[in-house]
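File shown here: structure-v7.txt, holding compact mmCIF, C-alpha atoms and all ligand atoms.
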# COMPACT_ATOMS: atom_id res chain seq x y z
CA MET F 234 -101.53 126.65 38.67
CA PRO F 235 -101.15 130.15 37.21
CA VAL F 236 -99.88 131.78 40.42
CA LEU F 237 -97.03 129.31 40.75
CA ARG F 238 -96.36 129.60 37.02
CA SER F 239 -95.94 133.37 37.32
CA ILE F 240 -93.57 132.90 40.28
CA GLN F 241 -91.70 130.27 38.28
CA ALA F 242 -91.20 132.75 35.42
CA ARG F 243 -89.65 135.26 37.83
CA PHE F 244 -87.51 132.59 39.52
CA GLU F 245 -86.17 131.51 36.12
CA LYS F 246 -84.79 135.00 35.61
CA GLU F 247 -83.64 135.75 39.16
CA GLN F 248 -82.31 132.29 40.20
CA PRO F 249 -82.89 132.83 43.95
CA PHE F 250 -81.91 129.24 44.79
CA ARG F 251 -78.77 128.90 42.69
CA GLY F 252 -76.36 126.56 44.46
CA ILE F 253 -78.95 125.59 47.10
CA THR F 254 -80.27 122.10 47.75
CA VAL F 255 -83.87 121.91 48.94
CA ALA F 256 -85.04 118.82 50.83
CA MET F 257 -88.76 118.17 50.57
CA CYS F 258 -90.97 115.70 52.44
CA MET F 259 -94.44 116.18 51.01
CA HIS F 260 -97.43 114.31 49.61
CA LEU F 261 -95.93 113.50 46.26
CA GLU F 262 -98.77 114.17 43.85
CA MET F 263 -99.26 116.51 40.92
CA LYS F 264 -99.37 119.86 42.66
CA THR F 265 -96.27 119.10 44.72
CA ALA F 266 -94.42 118.27 41.53
CA VAL F 267 -95.27 121.76 40.24
CA LEU F 268 -93.78 123.27 43.42
CA GLY F 269 -90.66 121.14 42.96
CA LYS F 270 -90.33 122.33 39.37
CA THR F 271 -90.83 125.94 40.45
CA LEU F 272 -87.98 125.74 42.97
CA LYS F 273 -85.83 123.93 40.43
CA ALA F 274 -86.52 126.68 37.87
CA GLY F 275 -85.11 129.06 40.50
CA GLY F 276 -81.82 127.16 40.49
CA ALA F 277 -82.41 124.69 43.33
CA THR F 278 -81.34 121.07 43.43
CA ILE F 279 -84.34 119.09 44.66
CA ALA F 280 -84.34 115.97 46.83
CA ILE F 281 -87.82 114.76 47.74
CA THR F 282 -89.66 111.97 49.51
CA GLY F 283 -93.35 111.40 50.26
CA SER F 284 -94.87 112.41 53.59
CA ASN F 285 -97.34 109.53 53.85
CA PRO F 286 -97.13 105.89 52.74
CA LEU F 287 -100.30 106.09 50.63
CA SER F 288 -100.18 109.63 49.21
CA THR F 289 -97.39 109.17 46.66
CA GLN F 290 -98.59 108.86 43.07
CA ASP F 291 -95.98 106.74 41.33
CA ASP F 292 -96.47 108.27 37.88
CA VAL F 293 -95.95 111.76 39.29
CA ALA F 294 -92.85 110.62 41.20
CA ALA F 295 -91.45 109.14 37.99
CA ALA F 296 -92.17 112.29 35.98
CA LEU F 297 -90.52 114.47 38.61
CA ALA F 298 -87.45 112.21 38.63
CA GLU F 299 -87.31 112.45 34.84
CA SER F 300 -87.29 116.26 35.11
CA GLY F 301 -84.05 116.03 37.12
CA ALA F 302 -85.20 115.96 40.76
CA ASN F 303 -83.80 113.34 43.19
CA VAL F 304 -86.91 111.38 44.09
CA TYR F 305 -87.14 108.73 46.81
CA ALA F 306 -90.81 107.84 46.96
CA TRP F 307 -93.32 105.21 45.94
CA ARG F 308 -96.84 104.37 47.06
CA GLY F 309 -97.01 101.85 49.89
CA VAL F 310 -93.63 102.40 51.57
CA THR F 311 -93.18 100.65 54.91
CA ALA F 312 -92.31 102.69 58.00
CA GLN F 313 -88.71 101.51 57.64
CA GLU F 314 -88.53 102.43 53.93
CA HIS F 315 -90.05 105.82 54.71
CA HIS F 316 -87.34 106.46 57.26
CA GLU F 317 -84.62 105.31 54.87
CA ASN F 318 -86.01 107.67 52.23
CA LEU F 319 -85.90 110.59 54.68
CA LEU F 320 -82.22 109.84 55.25
CA ARG F 321 -81.57 109.52 51.50
CA VAL F 322 -83.06 112.98 50.98
CA LEU F 323 -80.96 114.41 53.82
CA GLY F 324 -77.94 112.68 52.28
CA HIS F 325 -78.03 115.45 49.65
CA LYS F 326 -76.90 117.89 52.39
CA PRO F 327 -79.74 120.40 52.00
CA GLN F 328 -79.66 124.02 53.09
CA LEU F 329 -83.43 124.44 52.94
CA ILE F 330 -86.26 122.14 54.07
CA ILE F 331 -89.87 122.04 52.97
CA ASP F 332 -91.63 119.76 55.44
CA ASP F 333 -95.15 118.37 55.70
CA GLY F 334 -95.43 116.95 59.21
CA GLY F 335 -92.04 118.06 60.52
CA GLU F 336 -90.34 114.82 59.61
CA LEU F 337 -87.21 116.15 57.92
CA SER F 338 -86.45 118.61 60.68
CA VAL F 339 -87.09 116.07 63.44
CA ALA F 340 -84.61 113.77 61.67
CA VAL F 341 -82.07 116.63 61.34
CA HIS F 342 -82.43 117.55 65.03
CA THR F 343 -82.08 113.95 66.25
CA GLU F 344 -79.88 111.89 63.94
CA GLN F 345 -78.47 114.25 61.29
CA LYS F 346 -77.19 117.11 63.45
CA GLN F 347 -74.11 117.57 61.24
CA LEU F 348 -76.44 119.30 58.73
CA ILE F 349 -77.45 122.05 61.17
CA PRO F 350 -74.55 124.51 60.61
CA ASP F 351 -75.35 124.89 56.88
CA MET F 352 -79.12 124.98 57.28
CA ILE F 353 -80.76 128.25 56.20
CA GLY F 354 -84.23 127.31 57.45
CA ALA F 355 -87.42 125.34 56.95
CA CYS F 356 -90.99 125.87 55.81
CA GLU F 357 -93.77 123.73 57.31
CA GLU F 358 -96.93 122.85 55.45
CA THR F 359 -99.40 121.45 57.98
CA THR F 360 -100.87 121.98 61.46
CA THR F 361 -99.40 118.78 62.88
CA GLY F 362 -95.93 119.74 61.63
CA VAL F 363 -96.26 123.26 63.05
CA HIS F 364 -97.10 121.66 66.44
CA ARG F 365 -93.83 119.70 66.24
CA TYR F 366 -91.71 122.73 65.25
CA ARG F 367 -93.26 124.75 68.10
CA ALA F 368 -92.57 121.88 70.52
CA LEU F 369 -88.91 121.87 69.44
CA GLU F 370 -88.81 125.65 69.94
CA LYS F 371 -90.51 125.41 73.37
CA ASP F 372 -87.92 122.87 74.52
CA GLY F 373 -85.12 125.21 73.37
CA LEU F 374 -83.97 122.71 70.75
CA LEU F 375 -84.86 124.36 67.43
CA LYS F 376 -81.60 125.19 65.66
CA TYR F 377 -82.71 127.18 62.61
CA PRO F 378 -85.61 129.43 61.63
CA ALA F 379 -88.84 127.82 60.49
CA ILE F 380 -91.84 129.42 58.84
CA ALA F 381 -95.29 128.10 59.77
CA VAL F 382 -96.71 128.32 56.26
CA ASN F 383 -99.80 126.43 57.45
CA ASP F 384 -100.81 129.28 59.74
CA THR F 385 -101.21 131.97 57.11
CA ARG F 386 -104.63 132.97 55.80
CA THR F 387 -103.91 132.13 52.16
CA LYS F 388 -103.21 128.58 53.37
CA TYR F 389 -105.66 127.53 56.04
CA LEU F 390 -108.69 129.47 54.81
CA PHE F 391 -108.57 127.83 51.41
CA ASP F 392 -106.41 124.70 51.36
CA SER F 393 -107.26 123.34 54.83
CA GLN F 394 -110.89 124.36 54.67
CA TYR F 395 -112.14 124.08 51.08
CA GLY F 396 -109.39 121.84 49.72
CA THR F 397 -109.59 119.18 52.40
CA GLY F 398 -113.34 119.61 52.79
CA GLN F 399 -113.97 118.71 49.17
CA SER F 400 -111.25 116.11 48.73
CA ALA F 401 -112.01 114.23 51.96
CA LEU F 402 -115.61 113.74 50.88
CA GLU F 403 -114.35 112.81 47.43
CA GLY F 404 -112.08 110.18 49.01
CA VAL F 405 -115.02 108.68 50.91
CA MET F 406 -117.21 108.69 47.81
CA ARG F 407 -114.57 107.23 45.48
CA ALA F 408 -113.69 104.50 47.98
CA THR F 409 -117.26 103.49 48.87
CA ASN F 410 -119.53 104.85 46.11
CA MET F 411 -121.99 105.63 48.92
CA LEU F 412 -124.77 108.19 48.77
CA ILE F 413 -124.02 110.91 51.31
CA ALA F 414 -127.54 112.40 51.33
CA GLY F 415 -129.54 111.25 54.31
CA LYS F 416 -126.53 109.84 56.14
CA THR F 417 -125.26 111.01 59.50
CA VAL F 418 -121.66 112.15 59.16
CA VAL F 419 -119.73 112.49 62.42
CA VAL F 420 -116.80 114.89 62.08
CA GLY F 421 -114.02 114.73 64.68
CA GLY F 422 -112.91 118.29 65.49
CA PHE F 423 -114.04 121.68 64.21
CA GLY F 424 -110.74 123.23 63.15
CA TRP F 425 -110.04 124.50 59.65
CA VAL F 426 -110.00 121.06 58.08
CA ALA F 427 -112.95 119.63 59.98
CA ARG F 428 -115.21 122.61 59.32
CA GLY F 429 -114.58 122.23 55.59
CA ILE F 430 -115.53 118.57 55.81
CA ALA F 431 -118.66 119.40 57.83
CA LEU F 432 -119.66 122.07 55.29
CA ARG F 433 -119.31 119.79 52.29
CA ALA F 434 -121.05 116.87 54.04
CA LYS F 435 -123.95 119.20 54.87
CA GLY F 436 -124.01 120.41 51.27
CA LEU F 437 -124.36 116.83 50.07
CA GLY F 438 -127.40 116.34 52.27
CA ALA F 439 -125.92 114.71 55.36
CA ARG F 440 -126.91 115.35 58.95
CA VAL F 441 -123.67 116.48 60.52
CA VAL F 442 -122.52 115.77 64.07
CA VAL F 443 -119.39 117.49 65.40
CA THR F 444 -117.19 116.41 68.32
CA GLU F 445 -114.83 118.93 69.94
CA VAL F 446 -112.77 119.58 73.06
CA GLU F 447 -112.47 123.35 72.66
CA PRO F 448 -115.51 125.34 73.87
CA VAL F 449 -115.36 128.23 71.37
CA ARG F 450 -115.03 125.91 68.39
CA ALA F 451 -117.83 123.71 69.74
CA THR F 452 -119.99 126.85 70.03
CA GLU F 453 -119.15 127.82 66.44
CA ALA F 454 -120.24 124.36 65.31
CA VAL F 455 -123.56 124.74 67.15
CA MET F 456 -124.14 128.13 65.50
CA GLU F 457 -123.40 126.62 62.10
CA GLY F 458 -126.33 124.32 62.76
CA TYR F 459 -124.51 121.09 63.56
CA SER F 460 -125.26 118.73 66.44
CA VAL F 461 -122.40 118.76 68.93
CA MET F 462 -121.88 115.83 71.29
CA PRO F 463 -119.12 113.62 72.71
CA MET F 464 -117.78 110.88 70.43
CA LYS F 465 -119.31 108.29 72.77
CA GLU F 466 -122.75 109.60 71.71
CA GLY F 467 -121.78 110.27 68.11
CA ALA F 468 -120.56 106.69 67.78
CA LYS F 469 -124.14 105.43 68.20
CA VAL F 470 -125.68 107.58 65.47
CA GLY F 471 -122.99 107.93 62.79
CA ASP F 472 -123.03 106.27 59.38
CA ILE F 473 -119.74 107.88 58.29
CA PHE F 474 -116.99 109.10 60.61
CA ILE F 475 -114.25 111.49 59.46
CA THR F 476 -111.63 112.65 61.94
CA ALA F 477 -109.51 115.79 61.48
CA THR F 478 -108.20 116.87 64.87
CA GLY F 479 -104.42 116.40 64.64
CA CYS F 480 -104.80 114.58 67.99
CA LYS F 481 -104.69 110.82 68.69
CA GLY F 482 -107.29 108.34 69.89
CA ILE F 483 -110.41 110.11 68.61
CA ILE F 484 -112.20 106.86 67.69
CA THR F 485 -111.21 103.94 69.92
CA ALA F 486 -112.40 100.55 71.15
CA GLU F 487 -115.21 102.00 73.29
CA HIS F 488 -116.59 103.70 70.18
CA PHE F 489 -116.31 100.66 67.89
CA GLU F 490 -118.49 98.83 70.46
CA GLU F 491 -121.28 101.36 69.97
CA MET F 492 -121.25 101.71 66.19
CA LYS F 493 -124.01 100.71 63.81
CA ASP F 494 -123.62 97.88 61.34
CA GLY F 495 -122.08 99.30 58.16
CA ALA F 496 -120.41 102.31 59.74
CA VAL F 497 -117.58 103.79 57.65
CA LEU F 498 -114.41 105.11 59.32
CA ALA F 499 -112.07 107.63 57.70
CA ASN F 500 -109.40 110.05 58.80
CA SER F 501 -108.21 113.30 57.28
CA GLY F 502 -105.79 114.38 60.02
CA HIS F 503 -102.07 114.16 59.30
CA PHE F 504 -101.04 110.94 61.06
CA ASP F 505 -102.84 107.59 61.21
CA VAL F 506 -103.43 107.90 64.96
CA GLU F 507 -106.95 109.33 65.06
CA VAL F 508 -108.76 106.04 64.45
CA ASP F 509 -107.34 103.30 66.68
CA VAL F 510 -106.76 100.80 63.90
CA ARG F 511 -104.80 98.42 66.10
CA ALA F 512 -107.75 98.11 68.53
CA LEU F 513 -110.10 97.56 65.60
CA ARG F 514 -107.94 94.71 64.32
CA GLU F 515 -107.80 93.16 67.78
CA MET F 516 -111.56 93.39 68.31
CA ALA F 517 -112.58 92.08 64.89
CA GLU F 518 -113.23 88.38 64.19
CA SER F 519 -112.00 88.77 60.63
CA SER F 520 -111.24 91.33 57.96
CA ARG F 521 -111.04 91.45 54.18
CA THR F 522 -110.48 93.99 51.44
CA ALA F 523 -113.97 94.85 50.22
CA ARG F 524 -112.88 97.36 47.55
CA PRO F 525 -109.64 99.25 46.95
CA ASN F 526 -109.04 101.44 50.02
CA VAL F 527 -111.92 99.76 51.91
CA GLU F 528 -111.23 97.15 54.57
CA GLU F 529 -114.24 95.36 56.00
CA PHE F 530 -114.03 94.27 59.65
CA THR F 531 -116.52 91.68 60.92
CA MET F 532 -117.02 92.23 64.63
CA LYS F 533 -117.87 89.53 67.16
CA ASN F 534 -121.62 90.18 67.02
CA GLY F 535 -121.63 90.08 63.22
CA ARG F 536 -121.65 93.86 62.66
CA LYS F 537 -119.43 95.08 59.88
CA LEU F 538 -117.30 98.23 60.11
CA TYR F 539 -115.49 99.66 57.10
CA LEU F 540 -112.10 101.36 57.44
CA LEU F 541 -110.96 103.57 54.57
CA ALA F 542 -107.32 103.89 53.48
CA GLU F 543 -105.94 102.20 56.60
CA GLY F 544 -106.98 105.24 58.66
CA ARG F 545 -104.55 107.43 56.71
CA LEU F 546 -105.40 110.75 55.03
CA VAL F 547 -108.46 109.69 53.05
CA ASN F 548 -108.35 112.67 50.69
CA LEU F 549 -104.85 111.80 49.49
CA ALA F 550 -104.95 108.01 49.74
CA ALA F 551 -108.36 107.48 48.12
CA ALA F 552 -108.58 110.63 45.97
CA ASP F 553 -106.14 113.11 44.41
CA GLY F 554 -105.78 115.45 47.38
CA HIS F 555 -106.69 119.09 47.10
CA PRO F 556 -107.67 120.67 43.82
CA ALA F 557 -104.91 122.60 42.04
CA GLU F 558 -106.68 125.96 42.49
CA VAL F 559 -106.09 125.94 46.26
CA MET F 560 -102.66 124.32 46.21
CA ASP F 561 -101.64 127.09 43.81
CA MET F 562 -101.98 129.50 46.74
CA THR F 563 -100.40 127.26 49.39
CA PHE F 564 -97.43 126.44 47.22
CA ALA F 565 -97.02 130.08 46.18
CA ASP F 566 -96.67 130.77 49.91
CA GLN F 567 -94.13 127.94 50.15
CA ALA F 568 -92.08 129.18 47.19
CA LEU F 569 -92.11 132.80 48.42
CA CYS F 570 -91.28 131.79 52.01
CA ALA F 571 -88.36 129.66 50.80
CA GLU F 572 -87.11 132.69 48.85
CA TYR F 573 -87.62 134.87 51.97
CA LEU F 574 -85.49 132.49 54.07
CA VAL F 575 -82.68 132.65 51.50
CA LYS F 576 -82.87 136.45 51.25
CA ASN F 577 -82.69 136.71 55.05
CA LYS F 578 -80.03 134.05 55.49
CA GLY F 579 -78.17 134.45 58.79
CA GLN F 580 -80.52 137.20 60.01
CA LEU F 581 -83.33 135.15 61.50
CA ALA F 582 -83.14 133.60 64.98
CA PRO F 583 -83.88 129.88 65.40
CA LYS F 584 -87.60 130.43 66.02
CA VAL F 585 -90.93 129.58 64.43
CA TYR F 586 -92.06 132.57 62.36
CA GLY F 587 -95.40 133.40 60.81
CA VAL F 588 -95.55 133.99 57.08
CA PRO F 589 -94.62 137.64 56.47
CA PRO F 590 -97.92 139.51 55.83
CA GLU F 591 -96.57 140.88 52.53
CA ILE F 592 -96.22 137.32 51.23
CA ASP F 593 -99.80 136.45 52.23
CA LYS F 594 -100.97 139.58 50.43
CA ALA F 595 -98.80 138.93 47.38
CA THR F 596 -100.20 135.41 47.03
CA ALA F 597 -103.82 136.55 47.26
CA THR F 598 -103.15 139.46 44.86
CA LEU F 599 -101.55 137.14 42.31
CA TRP F 600 -104.39 134.63 42.68
CA LEU F 601 -107.00 137.31 41.99
CA GLU F 602 -105.00 138.73 39.06
CA THR F 603 -104.51 135.33 37.44
CA HIS F 604 -108.26 134.67 37.79
CA ASN F 605 -109.09 138.06 36.21
CA ILE F 606 -110.81 139.29 39.36
CA THR F 607 -110.36 142.94 40.28
CA ILE F 608 -111.28 144.55 43.58
CA ASP F 609 -111.75 148.05 44.91
CA SER F 610 -108.97 149.95 46.59
CA LEU F 611 -109.13 152.44 49.45
CA SER F 612 -109.16 156.11 48.53
CA ARG F 613 -106.82 158.48 50.33
CA GLU F 614 -109.82 159.88 52.21
CA GLN F 615 -110.98 156.41 53.27
CA LEU F 616 -107.48 155.54 54.44
CA ARG F 617 -107.35 158.71 56.50
CA TYR F 618 -110.78 157.91 58.00
CA LEU F 619 -109.77 154.35 58.93
CA ASN F 620 -106.53 155.48 60.55
CA SER F 621 -107.97 158.37 62.50
CA TRP F 622 -109.06 158.37 66.18
CA GLU F 623 -111.24 161.46 65.81
N1 LIG R 1 -105.90 115.83 54.80
C1 LIG R 1 -105.24 116.91 54.45
O1 LIG R 1 -104.95 117.11 53.28
C2 LIG R 1 -104.90 117.92 55.48
C3 LIG R 1 -104.81 119.28 55.13
C4 LIG R 1 -104.52 120.23 56.12
C5 LIG R 1 -104.32 119.79 57.42
N2 LIG R 1 -104.37 118.44 57.72
C6 LIG R 1 -104.21 117.93 59.10
O2 LIG R 1 -105.52 117.91 59.70
C7 LIG R 1 -105.40 118.03 61.12
C8 LIG R 1 -106.25 119.20 61.60
O3 LIG R 1 -105.71 120.41 61.08
P1 LIG R 1 -106.44 121.82 61.33
O4 LIG R 1 -105.64 122.81 60.58
O5 LIG R 1 -107.91 121.73 61.11
O6 LIG R 1 -106.14 121.99 62.91
P2 LIG R 1 -106.86 122.96 63.94
O7 LIG R 1 -105.93 123.10 65.07
O8 LIG R 1 -107.41 124.17 63.25
O9 LIG R 1 -108.15 122.10 64.41
C9 LIG R 1 -108.10 120.93 65.17
C10 LIG R 1 -109.37 120.90 66.02
O10 LIG R 1 -109.48 119.62 66.64
C11 LIG R 1 -109.91 119.81 67.97
N3 LIG R 1 -109.49 118.66 68.77
C12 LIG R 1 -108.26 118.37 69.26
N4 LIG R 1 -108.29 117.24 69.95
C13 LIG R 1 -109.56 116.78 69.89
C14 LIG R 1 -110.21 115.64 70.45
N5 LIG R 1 -109.54 114.76 71.19
N6 LIG R 1 -111.54 115.47 70.17
C15 LIG R 1 -112.22 116.37 69.43
N7 LIG R 1 -111.65 117.48 68.90
C16 LIG R 1 -110.33 117.68 69.14
C17 LIG R 1 -109.23 121.10 68.40
O11 LIG R 1 -109.89 121.69 69.52
C18 LIG R 1 -109.33 121.95 67.14
O12 LIG R 1 -110.52 122.73 67.10
C19 LIG R 1 -103.90 118.19 61.38
O13 LIG R 1 -103.35 116.92 61.63
C20 LIG R 1 -103.39 118.73 60.07
O14 LIG R 1 -102.00 118.51 59.93
C21 LIG R 1 -104.69 117.53 56.79

Translate the structure described by the file into structure tokens.
Amino acid sequence: MPVLRSIQARFEKEQPFRGITVAMCMHLEMKTAVLGKTLKAGGATIAITGSNPLSTQDDVAAALAESGANVYAWRGVTAQEHHENLLRVLGHKPQLIIDDGGELSVAVHTEQKQLIPDMIGACEETTTGVHRYRALEKDGLLKYPAIAVNDTRTKYLFDSQYGTGQSALEGVMRATNMLIAGKTVVVGGFGWVARGIALRAKGLGARVVVTEVEPVRATEAVMEGYSVMPMKEGAKVGDIFITATGCKGIITAEHFEEMKDGAVLANSGHFDVEVDVRALREMAESSRTARPNVEEFTMKNGRKLYLLAEGRLVNLAAADGHPAEVMDMTFADQALCAEYLVKNKGQLAPKVYGVPPEIDKATATLWLETHNITIDSLSREQLRYLNSWE
């Protein structure tokens, strides 16, 4: 992760986080550990927990703990343990939060309000978390500034799209060892994550069906050459289903009824609410673990449906998450936004902010430089032409 490494080298000298405790709730795998080490190199004390029960890699958590971070995470935490870990992290009295799903800030705003006066701000990693921060802001409850890191181009164009696109398919392939070519892959949603999944499924030779609720995105999917239809129709034709909407109830009982024998169900949206796993359990006659991360459900008429990774983020639970090349950009944004919050301490209102454009540009510039890619620059005459009305 050369971009983060170059930021780390600067942080080591400048110590922007000296005396500051950073609370992190993130998928605790290799790339996140590099972000933690980068902040620590800048003088921060780190307290971290995982943001999903199946995305923590125990060896990475152990290595990060050994490097001096306060780590409260292991793969397979229960909901109760997850909550206890959030509170343990907040017990370090952080001034900065790096959230993935809004969980730390929701806990601060509900049950740990005594932390609010010292809080400098928060950075949020994913679409679902940004929804929650904006909902807090809309209700007039947000008490400190938050930066929607997810919504900047150097995040969603690369991490959400290409990172999740590749790793979600990888999760399905590692879990099932299925051939994708010739299969019908039904993708729930056509946002940044879902379009990456659709693109990679198409590239592997699948017929891709997209379901949407938003007309412009549905139109984009049609123009990309995908079949667009309601999930009720998609349920009949799909061999593999991958949801990525950030919404709940995308695949439910009425869809399980329609599915073909052997259909595979996976989710790549943040929470495990897109595939109605509880309904699936209730409808099935029996279930068994067919392979690691694959649960086979035998339905009443003998059909078998296969649920991957308990309906949790398949790319992190059944594979290693996004490749380092894209997380290098996302986490550069995170590191630079955390530094921005500290530099502007006390000057930002309690609102949700976009990533400052200069940070987006700095991240992309560093990424190109560290990959030895040079680009053209505008001449003075071109600049004048572009800025002129004449
Ligand atoms: N797996 C990962 O590593 C990873 C990475 C990034 C984001 N995420 C998560 O993936 C989810 C999607 O993120 P995004 O950035 O693509 O969001 P987005 O807002 O760009 O796209 C979501 C799309 O889903 C559509 N949608 C909403 N409800 C729907 C419904 N009921 N049926 C069909 N379509 C529906 C919306 O119209 C929208 O086009 C979020 O939960 C996000 O947090 C996961």

- [ ] Mind giving me the straight-line distance from CA of Lys416 in chain F to CA of Asp505 in chain F in Å, one decimal?
- [x]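 Calculated distance between CA of Lys416 in chain F and CA of Asp505 in chain F is 24.3 Å.
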
Task: Between CA of Gly429 in chain F and CA of Ser284 in chain F, distance in Å (one decimal) - done: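 Pair CA of Gly429 in chain F / CA of Ser284 in chain F returns 22.1 Å.
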
Open item on the list: Please list, as a ChimeraX atom specification, the residues that have an atom at most 12 Å away from (-123.6, 111.1, 70.1) in the coordinates of this file, counting all atoms listed in the file.
Closed with: /F:417-421,441-445,459-472,474,488,491-492

Task: Point-to-point distance in Å for CA of Lys576 in chain F and CA of Ala595 in chain F - done: 16.6 Å

As JSON, please report the centre and edge lengths, rounded to one decimal in Å, of the axis-aligned box that holds all listed atoms of range 373-379 of chain F with 4 Å of padding on each of the six sides.
{"center_x": -85.2, "center_y": 126.1, "center_z": 66.9, "size_x": 15.2, "size_y": 14.7, "size_z": 20.9}

- [ ] Using all atoms listed in the file, find each residue with an atom at most 7 Å away from ligand LIG 1 (chain R) and format the answer as a VMD selection string.
- [x] chain F and resid 334 359 to 362 389 392 to 393 397 401 421 to 427 444 to 447 450 477 to 483 501 to 504 546 to 549 554 to 555

Residues of range 315-379 of chain F that have any atom at most 12 Å from an atom of range 263-275 of chain F: could you tabulate them with the shortest-distance atom pair and the distance in Å to one decimal, using all atoms listed in the file, ordered by chain and increasing number, as a tab-separated table?
residue	atom	partner	partner_atom	distance
F:Leu329	CA	F:Leu272	CA	11.0
F:Ile330	CA	F:Leu272	CA	11.8
F:Ile331	CA	F:Gly269	CA	10.1
F:Asp332	CA	F:Thr265	CA	11.7
F:Asp333	CA	F:Thr265	CA	11.1
F:Glu358	CA	F:Thr265	CA	11.4

Using only C-alpha atoms, please write the residues we just selected to a file, as an mmCIF file, keeping the file's coordinate frame.
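Result file is result.cif:
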data_model
loop_
_atom_site.group_PDB
_atom_site.id
_atom_site.type_symbol
_atom_site.label_atom_id
_atom_site.label_comp_id
_atom_site.auth_asym_id
_atom_site.auth_seq_id
_atom_site.Cartn_x
_atom_site.Cartn_y
_atom_site.Cartn_z
ATOM 1 C CA LEU F 329 -83.430 124.440 52.940
ATOM 2 C CA ILE F 330 -86.260 122.140 54.070
ATOM 3 C CA ILE F 331 -89.870 122.040 52.970
ATOM 4 C CA ASP F 332 -91.630 119.760 55.440
ATOM 5 C CA ASP F 333 -95.150 118.370 55.700
ATOM 6 C CA GLU F 358 -96.930 122.850 55.450
#

TODO: Considering all atoms listed in the file, state which residue in the set F:Leu261, F:Ala256, F:Ile475, F:Leu369 is at the smallest distance from Leu320 in chain F.
DONE: F:Ala256

May I have the protein, DNA and RNA residues with any atom at most 10 Å from the point (-78.0, 129.8, 46.9), counting all atoms listed in the file, written as a CSV table (one decimal) with C-alpha atoms, keeping the file's coordinate frame?
chain,number,residue,atom,x,y,z
F,248,GLN,CA,-82.3,132.3,40.2
F,249,PRO,CA,-82.9,132.8,44.0
F,250,PHE,CA,-81.9,129.2,44.8
F,251,ARG,CA,-78.8,128.9,42.7
F,252,GLY,CA,-76.4,126.6,44.5
F,253,ILE,CA,-79.0,125.6,47.1
F,254,THR,CA,-80.3,122.1,47.8
F,275,GLY,CA,-85.1,129.1,40.5
F,276,GLY,CA,-81.8,127.2,40.5
F,277,ALA,CA,-82.4,124.7,43.3
F,278,THR,CA,-81.3,121.1,43.4
F,328,GLN,CA,-79.7,124.0,53.1
F,329,LEU,CA,-83.4,124.4,52.9
F,353,ILE,CA,-80.8,128.2,56.2
F,572,GLU,CA,-87.1,132.7,48.8
F,575,VAL,CA,-82.7,132.6,51.5
F,576,LYS,CA,-82.9,136.4,51.2
F,578,LYS,CA,-80.0,134.0,55.5

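Here the question is which of F:Leu611, F:Leu287, F:Leu437, F:Val293 gets nearest to Val310 in chain F using all atoms listed in the file, and that residue is F:Leu287.
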
Task: Who sits within 10 Å of Asn303 in chain F, only C-alpha atoms, same chain under 2 positions skipped, as a PyMOL selection string - done: chain F and resi 256+278-282+294+297-301+305-306+321-322+325

If you keep C-alpha atoms, can you produce a file of those selected residues as an mmCIF file, keeping the file's coordinate frame?
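Full text of selection19.cif as output:
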data_model
loop_
_atom_site.group_PDB
_atom_site.id
_atom_site.type_symbol
_atom_site.label_atom_id
_atom_site.label_comp_id
_atom_site.auth_asym_id
_atom_site.auth_seq_id
_atom_site.Cartn_x
_atom_site.Cartn_y
_atom_site.Cartn_z
ATOM 1 C CA ALA F 256 -85.040 118.820 50.830
ATOM 2 C CA THR F 278 -81.340 121.070 43.430
ATOM 3 C CA ILE F 279 -84.340 119.090 44.660
ATOM 4 C CA ALA F 280 -84.340 115.970 46.830
ATOM 5 C CA ILE F 281 -87.820 114.760 47.740
ATOM 6 C CA THR F 282 -89.660 111.970 49.510
ATOM 7 C CA ALA F 294 -92.850 110.620 41.200
ATOM 8 C CA LEU F 297 -90.520 114.470 38.610
ATOM 9 C CA ALA F 298 -87.450 112.210 38.630
ATOM 10 C CA GLU F 299 -87.310 112.450 34.840
ATOM 11 C CA SER F 300 -87.290 116.260 35.110
ATOM 12 C CA GLY F 301 -84.050 116.030 37.120
ATOM 13 C CA TYR F 305 -87.140 108.730 46.810
ATOM 14 C CA ALA F 306 -90.810 107.840 46.960
ATOM 15 C CA ARG F 321 -81.570 109.520 51.500
ATOM 16 C CA VAL F 322 -83.060 112.980 50.980
ATOM 17 C CA HIS F 325 -78.030 115.450 49.650
#

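Considering the residues F:Leu319, F:Glu453, F:Ala340, F:Lys537 and counting only C-alpha atoms, Lys493 in chain F has its shortest atom-to-atom contact with F:Lys537.
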
- [ ] Tell me, as a PyMOL selection string, which residues lie within 12 Å of Val588 in chain F, counting only C-alpha atoms; anything in the same chain fewer than 3 positions away does not count.
- [x] chain F and resi 355-358+378-388+563+565-574+585+591-596

Open item on the list: Between F:Thr598, F:Ala486, F:Val449, F:Gln394, which residue has the minimum interatomic distance to Glu515 in chain F, considering all atoms listed in the file?
Closed with: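 Checking each of F:Thr598, F:Ala486, F:Val449, F:Gln394 against Glu515 in chain F, counting all atoms listed in the file, the winner is F:Ala486.
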